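Q: Input final06.pdb, format and content: PDB, C-alpha atoms, pLDDT in the B column.
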```pdb
ATOM      1  CA  LEU A  76      -1.664   0.354 -11.016  1.00 87.00           C
ATOM      2  CA  SER A  77       1.921  -0.084 -12.119  1.00 93.00           C
ATOM      3  CA  GLN A  78       2.826  -2.788 -14.643  1.00 94.00           C
ATOM      4  CA  ALA A  79       4.067  -5.061 -11.837  1.00 95.00           C
ATOM      5  CA  GLN A  80       0.865  -4.518  -9.841  1.00 96.00           C
ATOM      6  CA  LEU A  81      -1.254  -5.232 -12.918  1.00 93.00           C
ATOM      7  CA  LEU A  82       0.675  -8.437 -13.546  1.00 94.00           C
ATOM      8  CA  LEU A  83       0.200  -9.500  -9.925  1.00 96.00           C
ATOM      9  CA  TRP A  84      -3.514  -8.628 -10.009  1.00 94.00           C
ATOM     10  CA  LEU A  85      -4.015 -10.510 -13.295  1.00 91.00           C
ATOM     11  CA  SER A  86      -2.082 -13.557 -12.078  1.00 93.00           C
ATOM     12  CA  VAL A  87      -3.999 -13.774  -8.805  1.00 96.00           C
ATOM     13  CA  THR A  88      -7.378 -13.164 -10.462  1.00 92.00           C
ATOM     14  CA  VAL A  89      -6.838 -15.732 -13.219  1.00 89.00           C
ATOM     15  CA  THR A  90      -5.520 -18.294 -10.721  1.00 92.00           C
ATOM     16  CA  LEU A  91      -8.501 -17.782  -8.402  1.00 94.00           C
ATOM     17  CA  PHE A  92     -10.926 -18.003 -11.338  1.00 87.00           C
ATOM     18  CA  ARG A  93      -9.348 -21.203 -12.652  1.00 87.00           C
ATOM     19  CA  PHE A  94      -9.297 -22.717  -9.164  1.00 91.00           C
ATOM     20  CA  SER A  95     -12.933 -21.843  -8.472  1.00 89.00           C
ATOM     21  CA  HIS A  96     -13.928 -23.066 -11.928  1.00 85.00           C
ATOM     22  CA  SER A  97     -12.223 -26.414 -11.232  1.00 88.00           C
ATOM     23  CA  LEU A  98     -14.208 -26.691  -7.984  1.00 89.00           C
ATOM     24  CA  TYR A  99     -17.278 -26.915 -10.202  1.00 84.00           C
ATOM     25  CA  MET A 100     -15.927 -28.748 -13.251  1.00 84.00           C
ATOM     26  CA  VAL A 101     -14.109 -31.632 -11.529  1.00 86.00           C
ATOM     27  CA  PRO A 102     -17.121 -32.848  -9.504  1.00 86.00           C
ATOM     28  CA  SER A 103     -19.359 -32.173 -12.492  1.00 83.00           C
ATOM     29  CA  GLY A 104     -17.166 -34.357 -14.700  1.00 83.00           C
ATOM     30  CA  ALA A 105     -16.921 -37.065 -12.041  1.00 84.00           C
ATOM     31  CA  LEU A 106     -20.698 -37.119 -11.684  1.00 85.00           C
ATOM     32  CA  LEU A 107     -21.363 -37.905 -15.340  1.00 84.00           C
ATOM     33  CA  PRO A 108     -20.286 -41.594 -15.281  1.00 85.00           C
ATOM     34  CA  GLU A 109     -22.631 -42.146 -12.352  1.00 85.00           C
ATOM     35  CA  ILE A 110     -25.560 -40.497 -14.108  1.00 85.00           C
ATOM     36  CA  ALA A 111     -24.869 -42.287 -17.402  1.00 85.00           C
ATOM     37  CA  PRO A 112     -23.067 -45.579 -16.706  1.00 83.00           C
ATOM     38  CA  GLY A 113     -23.515 -46.855 -20.286  1.00 88.00           C
ATOM     39  CA  TYR A 114     -20.692 -46.072 -22.734  1.00 90.00           C
ATOM     40  CA  HIS A 115     -22.872 -44.678 -25.538  1.00 92.00           C
ATOM     41  CA  GLU A 116     -25.143 -42.652 -23.263  1.00 90.00           C
ATOM     42  CA  ARG A 117     -22.118 -41.215 -21.415  1.00 88.00           C
ATOM     43  CA  THR A 118     -20.354 -40.376 -24.689  1.00 91.00           C
ATOM     44  CA  GLN A 119     -23.490 -38.634 -25.918  1.00 91.00           C
ATOM     45  CA  MET A 120     -23.802 -36.638 -22.675  1.00 88.00           C
ATOM     46  CA  TYR A 121     -20.127 -35.611 -22.804  1.00 87.00           C
ATOM     47  CA  GLY A 122     -20.671 -34.524 -26.403  1.00 90.00           C
ATOM     48  CA  PHE A 123     -23.656 -32.386 -25.416  1.00 89.00           C
ATOM     49  CA  ARG A 124     -21.699 -30.967 -22.493  1.00 87.00           C
ATOM     50  CA  TYR A 125     -18.802 -29.827 -24.656  1.00 86.00           C
ATOM     51  CA  MET A 126     -21.083 -28.631 -27.446  1.00 89.00           C
ATOM     52  CA  LEU A 127     -23.067 -26.504 -24.995  1.00 88.00           C
ATOM     53  CA  GLY A 128     -19.841 -25.246 -23.372  1.00 86.00           C
ATOM     54  CA  SER A 129     -18.435 -24.244 -26.755  1.00 85.00           C
ATOM     55  CA  THR A 130     -21.717 -22.618 -27.723  1.00 88.00           C
ATOM     56  CA  GLY A 131     -21.792 -20.677 -24.440  1.00 88.00           C
ATOM     57  CA  GLY A 132     -18.210 -19.537 -24.989  1.00 86.00           C
ATOM     58  CA  ALA A 133     -19.046 -18.417 -28.517  1.00 87.00           C
ATOM     59  CA  ILE A 134     -22.130 -16.533 -27.311  1.00 89.00           C
ATOM     60  CA  ALA A 135     -20.037 -14.816 -24.626  1.00 90.00           C
ATOM     61  CA  ALA A 136     -17.373 -13.837 -27.161  1.00 88.00           C
ATOM     62  CA  ILE A 137     -19.898 -12.565 -29.701  1.00 88.00           C
ATOM     63  CA  LEU A 138     -21.635 -10.514 -26.974  1.00 90.00           C
ATOM     64  CA  THR A 139     -18.250  -9.220 -25.835  1.00 91.00           C
ATOM     65  CA  TYR A 140     -17.069  -7.986 -29.229  1.00 90.00           C
ATOM     66  CA  GLY A 141     -20.447  -7.271 -30.795  1.00 89.00           C
ATOM     67  CA  VAL A 142     -22.211  -5.528 -27.887  1.00 92.00           C
ATOM     68  CA  PHE A 143     -19.915  -4.479 -25.045  1.00 94.00           C
ATOM     69  CA  LEU A 144     -16.711  -3.612 -26.894  1.00 92.00           C
ATOM     70  CA  ARG A 145     -18.128  -1.879 -29.961  1.00 88.00           C
ATOM     71  CA  ALA A 146     -16.106   0.791 -31.699  1.00 88.00           C
ATOM     72  CA  THR A 147     -16.667   4.398 -30.636  1.00 90.00           C
ATOM     73  CA  PRO A 148     -15.183   7.624 -32.012  1.00 92.00           C
ATOM     74  CA  ALA A 149     -12.730   7.668 -29.075  1.00 93.00           C
ATOM     75  CA  TYR A 150     -11.920   3.954 -29.483  1.00 92.00           C
ATOM     76  CA  PRO A 151     -12.056   2.800 -33.115  1.00 91.00           C
ATOM     77  CA  LEU A 152     -10.812  -0.570 -31.852  1.00 91.00           C
ATOM     78  CA  GLY A 153     -13.614  -1.182 -29.358  1.00 90.00           C
ATOM     79  CA  GLN A 154     -11.671  -3.877 -27.531  1.00 91.00           C
ATOM     80  CA  LEU A 155      -9.378  -1.105 -26.214  1.00 92.00           C
ATOM     81  CA  ASN A 156     -12.277   0.753 -24.555  1.00 92.00           C
ATOM     82  CA  PRO A 157     -11.988   0.117 -20.804  1.00 93.00           C
ATOM     83  CA  ALA A 158     -15.605   1.204 -20.178  1.00 93.00           C
ATOM     84  CA  GLY A 159     -16.956  -1.897 -21.928  1.00 94.00           C
ATOM     85  CA  TYR A 160     -15.227  -4.429 -19.697  1.00 93.00           C
ATOM     86  CA  PRO A 161     -17.182  -4.110 -16.402  1.00 95.00           C
ATOM     87  CA  PRO A 162     -20.643  -4.640 -17.979  1.00 96.00           C
ATOM     88  CA  MET A 163     -19.197  -7.408 -20.161  1.00 94.00           C
ATOM     89  CA  ALA A 164     -17.744  -9.167 -17.105  1.00 93.00           C
ATOM     90  CA  ILE A 165     -21.089  -9.000 -15.311  1.00 95.00           C
ATOM     91  CA  ALA A 166     -23.006 -10.301 -18.336  1.00 94.00           C
ATOM     92  CA  VAL A 167     -20.612 -13.206 -18.915  1.00 92.00           C
ATOM     93  CA  ALA A 168     -20.605 -14.061 -15.189  1.00 91.00           C
ATOM     94  CA  VAL A 169     -24.431 -14.141 -15.200  1.00 93.00           C
ATOM     95  CA  LEU A 170     -24.370 -16.312 -18.342  1.00 91.00           C
ATOM     96  CA  MET A 171     -21.925 -18.780 -16.731  1.00 88.00           C
ATOM     97  CA  MET A 172     -23.755 -18.892 -13.411  1.00 90.00           C
ATOM     98  CA  SER A 173     -27.105 -19.398 -15.156  1.00 92.00           C
ATOM     99  CA  ALA A 174     -25.737 -22.304 -17.194  1.00 88.00           C
ATOM    100  CA  ASN A 175     -24.252 -23.899 -14.067  1.00 86.00           C
ATOM    101  CA  LEU A 176     -27.470 -23.431 -12.074  1.00 90.00           C
ATOM    102  CA  ILE A 177     -29.584 -24.936 -14.858  1.00 89.00           C
ATOM    103  CA  SER A 178     -27.224 -27.923 -14.923  1.00 85.00           C
ATOM    104  CA  ASP A 179     -27.308 -28.210 -11.133  1.00 86.00           C
ATOM    105  CA  LEU A 180     -31.097 -28.076 -10.979  1.00 90.00           C
ATOM    106  CA  GLY A 181     -31.335 -30.621 -13.800  1.00 85.00           C
ATOM    107  CA  THR A 182     -29.192 -33.169 -11.947  1.00 85.00           C
ATOM    108  CA  HIS A 183     -30.331 -32.453  -8.381  1.00 86.00           C
ATOM    109  CA  SER A 184     -33.064 -35.100  -8.477  1.00 88.00           C
ATOM    110  CA  ARG A 185     -30.404 -37.777  -9.130  1.00 84.00           C
ATOM    111  CA  ILE A 186     -28.671 -37.297  -5.757  1.00 84.00           C
ATOM    112  CA  PRO A 187     -30.475 -40.188  -3.986  1.00 87.00           C
ATOM    113  CA  GLU A 188     -29.353 -42.602  -6.746  1.00 84.00           C
ATOM    114  CA  LEU A 189     -25.634 -41.781  -6.486  1.00 83.00           C
ATOM    115  CA  TYR A 190     -23.076 -44.238  -5.154  1.00 82.00           C
ATOM    116  CA  ARG A 191     -22.032 -43.530  -1.570  1.00 83.00           C
ATOM    117  CA  PRO A 192     -18.707 -45.060  -0.575  1.00 82.00           C
ATOM    118  CA  ALA A 193     -18.229 -46.272   2.981  1.00 87.00           C
ATOM    119  CA  PRO A 194     -16.590 -43.657   5.215  1.00 88.00           C
ATOM    120  CA  ARG A 195     -12.857 -44.182   5.738  1.00 87.00           C
ATOM    121  CA  ASP A 196     -10.485 -42.799   8.281  1.00 87.00           C
ATOM    122  CA  VAL A 197      -7.483 -42.094   6.069  1.00 86.00           C
ATOM    123  CA  ARG A 198      -4.296 -40.947   7.735  1.00 91.00           C
ATOM    124  CA  TRP A 199      -2.041 -38.372   6.121  1.00 91.00           C
ATOM    125  CA  ARG A 200       0.616 -40.950   5.153  1.00 92.00           C
ATOM    126  CA  GLU A 201      -1.990 -43.296   3.617  1.00 92.00           C
ATOM    127  CA  TRP A 202      -3.446 -40.403   1.647  1.00 91.00           C
ATOM    128  CA  LEU A 203      -0.010 -39.475   0.247  1.00 93.00           C
ATOM    129  CA  SER A 204       0.603 -43.120  -0.649  1.00 93.00           C
ATOM    130  CA  GLU A 205      -2.693 -43.280  -2.548  1.00 91.00           C
ATOM    131  CA  VAL A 206      -1.934 -40.055  -4.411  1.00 91.00           C
ATOM    132  CA  ALA A 207       1.547 -41.334  -5.289  1.00 93.00           C
ATOM    133  CA  SER A 208       0.054 -44.577  -6.618  1.00 93.00           C
ATOM    134  CA  ILE A 209      -2.019 -42.561  -9.069  1.00 92.00           C
ATOM    135  CA  PHE A 210       1.146 -41.032 -10.537  1.00 91.00           C
ATOM    136  CA  ARG A 211       2.727 -44.498 -10.867  1.00 93.00           C
ATOM    137  CA  ASN A 212      -0.100 -45.499 -13.209  1.00 94.00           C
ATOM    138  CA  ARG A 213       1.402 -45.221 -16.703  1.00 94.00           C
ATOM    139  CA  ASN A 214      -1.983 -44.725 -18.412  1.00 94.00           C
ATOM    140  CA  PHE A 215      -2.830 -41.845 -16.094  1.00 92.00           C
ATOM    141  CA  VAL A 216       0.547 -40.172 -16.684  1.00 94.00           C
ATOM    142  CA  VAL A 217       0.174 -40.510 -20.463  1.00 96.00           C
ATOM    143  CA  ALA A 218      -3.353 -39.058 -20.324  1.00 94.00           C
ATOM    144  CA  VAL A 219      -2.271 -36.110 -18.148  1.00 93.00           C
ATOM    145  CA  VAL A 220       0.843 -35.332 -20.207  1.00 95.00           C
ATOM    146  CA  GLY A 221      -1.201 -35.606 -23.415  1.00 95.00           C
ATOM    147  CA  GLY A 222      -3.868 -33.325 -21.967  1.00 92.00           C
ATOM    148  CA  VAL A 223      -1.285 -30.737 -20.942  1.00 92.00           C
ATOM    149  CA  LEU A 224       0.428 -30.896 -24.339  1.00 95.00           C
ATOM    150  CA  ALA A 225      -2.931 -30.324 -26.023  1.00 93.00           C
ATOM    151  CA  ALA A 226      -4.223 -27.678 -23.606  1.00 90.00           C
ATOM    152  CA  VAL A 227      -1.164 -25.407 -23.474  1.00 91.00           C
ATOM    153  CA  PRO A 228      -1.107 -24.495 -27.189  1.00 92.00           C
ATOM    154  CA  ALA A 229      -4.902 -24.179 -27.251  1.00 88.00           C
ATOM    155  CA  ALA A 230      -4.850 -21.841 -24.236  1.00 86.00           C
ATOM    156  CA  LEU A 231      -1.994 -19.794 -25.684  1.00 89.00           C
ATOM    157  CA  THR A 232      -3.769 -19.465 -29.011  1.00 87.00           C
ATOM    158  CA  THR A 233      -7.007 -18.431 -27.338  1.00 82.00           C
ATOM    159  CA  GLY A 234      -5.306 -16.054 -24.920  1.00 83.00           C
ATOM    160  CA  LEU A 235      -3.119 -14.396 -27.541  1.00 89.00           C
ATOM    161  CA  SER A 236      -5.772 -14.142 -30.250  1.00 88.00           C
ATOM    162  CA  ILE A 237      -7.073 -10.847 -28.835  1.00 86.00           C
ATOM    163  CA  TYR A 238      -3.509  -9.494 -28.909  1.00 89.00           C
ATOM    164  CA  PHE A 239      -2.919 -10.627 -32.490  1.00 92.00           C
ATOM    165  CA  ASN A 240      -6.304  -9.397 -33.711  1.00 91.00           C
ATOM    166  CA  THR A 241      -5.938  -6.020 -31.993  1.00 91.00           C
ATOM    167  CA  VAL A 242      -2.250  -5.131 -32.113  1.00 91.00           C
ATOM    168  CA  MET A 243      -0.903  -7.040 -35.096  1.00 91.00           C
ATOM    169  CA  PHE A 244      -3.908  -6.937 -37.422  1.00 93.00           C
ATOM    170  CA  ALA A 245      -5.710  -3.844 -36.007  1.00 92.00           C
ATOM    171  CA  LEU A 246      -9.092  -5.536 -36.429  1.00 92.00           C
ATOM    172  CA  PRO A 247     -12.069  -3.610 -35.083  1.00 92.00           C
ATOM    173  CA  SER A 248     -14.215  -5.467 -32.550  1.00 89.00           C
ATOM    174  CA  ARG A 249     -16.946  -6.013 -35.160  1.00 89.00           C
ATOM    175  CA  ASN A 250     -14.515  -8.063 -37.265  1.00 91.00           C
ATOM    176  CA  VAL A 251     -13.318  -9.979 -34.193  1.00 89.00           C
ATOM    177  CA  ALA A 252     -16.966 -10.856 -33.476  1.00 88.00           C
ATOM    178  CA  ILE A 253     -17.316 -12.181 -37.033  1.00 88.00           C
ATOM    179  CA  LEU A 254     -14.144 -14.268 -36.613  1.00 87.00           C
ATOM    180  CA  VAL A 255     -15.461 -15.736 -33.360  1.00 83.00           C
ATOM    181  CA  ALA A 256     -18.842 -16.489 -34.932  1.00 83.00           C
ATOM    182  CA  THR A 257     -17.275 -18.308 -37.880  1.00 85.00           C
ATOM    183  CA  GLN A 258     -15.006 -20.305 -35.551  1.00 79.00           C
ATOM    184  CA  ALA A 259     -18.053 -21.362 -33.539  1.00 76.00           C
ATOM    185  CA  LEU A 260     -19.769 -22.619 -36.686  1.00 77.00           C
TER     186      LEU A 260
END
```
Please re-express this file's structure in structure tokens.

A:
Amino acid sequence: LSQAQLLLWLSVTVTLFRFSHSLYMVPSGALLPEIAPGYHERTQMYGFRYMLGSTGGAIAAILTYGVFLRATPAYPLGQLNPAGYPPMAIAVAVLMMSANLISDLGTHSRIPELYRPAPRDVRWREWLSEVASIFRNRNFVVAVVGGVLAAVPAALTTGLSIYFNTVMFALPSRNVAILVATQAL
């Protein structure tokens, strides 16, 4: 593929991944207050959720750099070896799907207890009005803007770390795995 085609492929793939991931994460996050209505129990469950998510991400990164992208004679910087990426993608996808399925199976028995709102026939104009009212809520706007301001630098740092570690610092994948492991701790 040309550079432009690669950019298009990457943009579409990342957008589709993020969109599909949000189709799981948004309902999952909305479900938690219903499962744990108490403040302390809900806070504890959110803490476990993010701890397990961070642990899963660290495991995926350590597997990536320590197993799938190891240095070879042809690729002293293992993260530049294209042959390691397909098996790594499959392994990480299986890890993510397994974690989601375990979570799904663990909460499935709670379905009968969930709140069921009365059905509404909402017209297009009413729906737009309700969405607009959300954006008129100052607390919501502050929370969203704060979240974006926090997420953008974190995402840039995470996304560019492989570039910095590989191109700027010429770290072999083994050292990148050690960096990821120490960050997880």

Q: Find the residues around Leu144 (chain A) up to 6 Å (all atoms listed in the file counted), leave out those fewer than 3 positions away in its own chain, and share them as a PyMOL selection string.

A: chain A and resi 139-140+153-154+159

Q: Name the residues, using the chain letters and numbers of the file, that sit within 12 Å of (-25.9, -28.0, -13.7) when counting all atoms listed in the file, and give them as a VMD selection string.

A: chain A and resid 99 to 100 102 to 104 106 to 107 124 127 to 128 171 to 185

Q: Take the selection from the previous step and output its residues with C-alpha atoms, as a PDB file, keeping the file's coordinate frame.

A:
```
ATOM      1  CA  TYR A  99     -17.278 -26.915 -10.202  1.00 84.00           C
ATOM      2  CA  MET A 100     -15.927 -28.748 -13.251  1.00 84.00           C
ATOM      3  CA  PRO A 102     -17.121 -32.848  -9.504  1.00 86.00           C
ATOM      4  CA  SER A 103     -19.359 -32.173 -12.492  1.00 83.00           C
ATOM      5  CA  GLY A 104     -17.166 -34.357 -14.700  1.00 83.00           C
ATOM      6  CA  LEU A 106     -20.698 -37.119 -11.684  1.00 85.00           C
ATOM      7  CA  LEU A 107     -21.363 -37.905 -15.340  1.00 84.00           C
ATOM      8  CA  ARG A 124     -21.699 -30.967 -22.493  1.00 87.00           C
ATOM      9  CA  LEU A 127     -23.067 -26.504 -24.995  1.00 88.00           C
ATOM     10  CA  GLY A 128     -19.841 -25.246 -23.372  1.00 86.00           C
ATOM     11  CA  MET A 171     -21.925 -18.780 -16.731  1.00 88.00           C
ATOM     12  CA  MET A 172     -23.755 -18.892 -13.411  1.00 90.00           C
ATOM     13  CA  SER A 173     -27.105 -19.398 -15.156  1.00 92.00           C
ATOM     14  CA  ALA A 174     -25.737 -22.304 -17.194  1.00 88.00           C
ATOM     15  CA  ASN A 175     -24.252 -23.899 -14.067  1.00 86.00           C
ATOM     16  CA  LEU A 176     -27.470 -23.431 -12.074  1.00 90.00           C
ATOM     17  CA  ILE A 177     -29.584 -24.936 -14.858  1.00 89.00           C
ATOM     18  CA  SER A 178     -27.224 -27.923 -14.923  1.00 85.00           C
ATOM     19  CA  ASP A 179     -27.308 -28.210 -11.133  1.00 86.00           C
ATOM     20  CA  LEU A 180     -31.097 -28.076 -10.979  1.00 90.00           C
ATOM     21  CA  GLY A 181     -31.335 -30.621 -13.800  1.00 85.00           C
ATOM     22  CA  THR A 182     -29.192 -33.169 -11.947  1.00 85.00           C
ATOM     23  CA  HIS A 183     -30.331 -32.453  -8.381  1.00 86.00           C
ATOM     24  CA  SER A 184     -33.064 -35.100  -8.477  1.00 88.00           C
ATOM     25  CA  ARG A 185     -30.404 -37.777  -9.130  1.00 84.00           C
TER      26      ARG A 185
END
```

Q: Name the closest residue to Thr241 (chain A) among the candidates A:Leu155, A:Ile137, A:Leu170, A:Leu76; distances are taken between atoms, counting all atoms listed in the file.

A: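 Once distances to Thr241 (chain A) are computed over all atoms listed in the file, the minimum belongs to A:Leu155.
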
Q: Evaluating the PyMOL selection byres ((chain A and resi 253) around 12) on the displayed file yields which residues, as a ChimeraX atom specification?

A: /A:133-134,136-141,240,246-252,254-260

Q: Can you measure CA of Phe244 (chain A) to CA of Gln80 (chain A) for me? One decimal in Å is fine.

A: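 Between these atoms lies a distance of 28.1 Å.
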
Q: Of the residues A:Ala146, A:Gly131, A:Ser204, A:Glu188, which is the one nearest to Val169 (chain A), using all atoms listed in the file?

A: A:Gly131

Q: Which distance in Å separates CA of Leu224 (chain A) and CA of Glu109 (chain A), to one decimal?

A: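 Pair CA of Leu224 (chain A) / CA of Glu109 (chain A) returns 28.3 Å.
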
Q: Please report the interatomic distance between CA of Tyr160 (chain A) and CA of Arg93 (chain A) in Å with one decimal.

A: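 Spanning CA of Tyr160 (chain A) to CA of Arg93 (chain A) is a straight-line distance of 19.1 Å.
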
Q: Of the candidates A:Ser236, A:Val167, A:Ala245, A:Leu82, which one gets nearest to Pro151 (chain A) if we count only C-alpha atoms?

A: A:Ala245

Q: So that I can check the surroundings of Pro108 (chain A), please list as a PyMOL selection string every protein, DNA and RNA residue that reaches within 10 Å of it, counting all atoms listed in the file and ignoring chain neighbours fewer than 4 positions away.

A: chain A and resi 103-104+112-114+116-118+120-121

Q: Give me region 117-133 of chain A with N, CA, C and O atoms filled in, as a tab-separated table (two decimals), in the coordinates of the input.

A:
```tsv
chain	number	residue	atom	x	y	z
A	117	ARG	N	-23.11	-42.11	-22.02
A	117	ARG	CA	-22.12	-41.22	-21.42
A	117	ARG	C	-21.39	-40.41	-22.49
A	117	ARG	O	-21.18	-39.21	-22.35
A	118	THR	N	-21.02	-41.08	-23.60
A	118	THR	CA	-20.35	-40.38	-24.69
A	118	THR	C	-21.25	-39.29	-25.26
A	118	THR	O	-20.81	-38.18	-25.54
A	119	GLN	N	-22.53	-39.62	-25.40
A	119	GLN	CA	-23.49	-38.63	-25.92
A	119	GLN	C	-23.62	-37.45	-24.96
A	119	GLN	O	-23.64	-36.29	-25.38
A	120	MET	N	-23.68	-37.73	-23.65
A	120	MET	CA	-23.80	-36.64	-22.68
A	120	MET	C	-22.55	-35.77	-22.65
A	120	MET	O	-22.63	-34.55	-22.55
A	121	TYR	N	-21.36	-36.40	-22.73
A	121	TYR	CA	-20.13	-35.61	-22.80
A	121	TYR	C	-20.12	-34.74	-24.06
A	121	TYR	O	-19.69	-33.59	-24.03
A	122	GLY	N	-20.60	-35.30	-25.16
A	122	GLY	CA	-20.67	-34.52	-26.40
A	122	GLY	C	-21.57	-33.31	-26.25
A	122	GLY	O	-21.21	-32.20	-26.66
A	123	PHE	N	-22.75	-33.52	-25.65
A	123	PHE	CA	-23.66	-32.39	-25.42
A	123	PHE	C	-23.02	-31.37	-24.48
A	123	PHE	O	-23.13	-30.17	-24.67
A	124	ARG	N	-22.33	-31.87	-23.46
A	124	ARG	CA	-21.70	-30.97	-22.49
A	124	ARG	C	-20.68	-30.06	-23.18
A	124	ARG	O	-20.68	-28.84	-22.98
A	125	TYR	N	-19.83	-30.64	-24.00
A	125	TYR	CA	-18.80	-29.83	-24.66
A	125	TYR	C	-19.40	-28.96	-25.76
A	125	TYR	O	-18.94	-27.84	-25.97
A	126	MET	N	-20.42	-29.46	-26.44
A	126	MET	CA	-21.08	-28.63	-27.45
A	126	MET	C	-21.72	-27.41	-26.80
A	126	MET	O	-21.57	-26.28	-27.28
A	127	LEU	N	-22.43	-27.62	-25.68
A	127	LEU	CA	-23.07	-26.50	-25.00
A	127	LEU	C	-22.03	-25.56	-24.40
A	127	LEU	O	-22.22	-24.34	-24.42
A	128	GLY	N	-20.92	-26.10	-23.89
A	128	GLY	CA	-19.84	-25.25	-23.37
A	128	GLY	C	-19.22	-24.39	-24.47
A	128	GLY	O	-18.98	-23.19	-24.28
A	129	SER	N	-18.99	-25.00	-25.63
A	129	SER	CA	-18.43	-24.24	-26.76
A	129	SER	C	-19.42	-23.21	-27.25
A	129	SER	O	-19.04	-22.08	-27.60
A	130	THR	N	-20.69	-23.57	-27.29
A	130	THR	CA	-21.72	-22.62	-27.72
A	130	THR	C	-21.80	-21.45	-26.75
A	130	THR	O	-21.89	-20.29	-27.17
A	131	GLY	N	-21.77	-21.75	-25.44
A	131	GLY	CA	-21.79	-20.68	-24.44
A	131	GLY	C	-20.59	-19.76	-24.57
A	131	GLY	O	-20.72	-18.53	-24.46
A	132	GLY	N	-19.41	-20.35	-24.80
A	132	GLY	CA	-18.21	-19.54	-24.99
A	132	GLY	C	-18.32	-18.65	-26.22
A	132	GLY	O	-17.91	-17.48	-26.21
A	133	ALA	N	-18.87	-19.20	-27.29
A	133	ALA	CA	-19.05	-18.42	-28.52
A	133	ALA	C	-20.05	-17.29	-28.30
A	133	ALA	O	-19.83	-16.15	-28.75
```
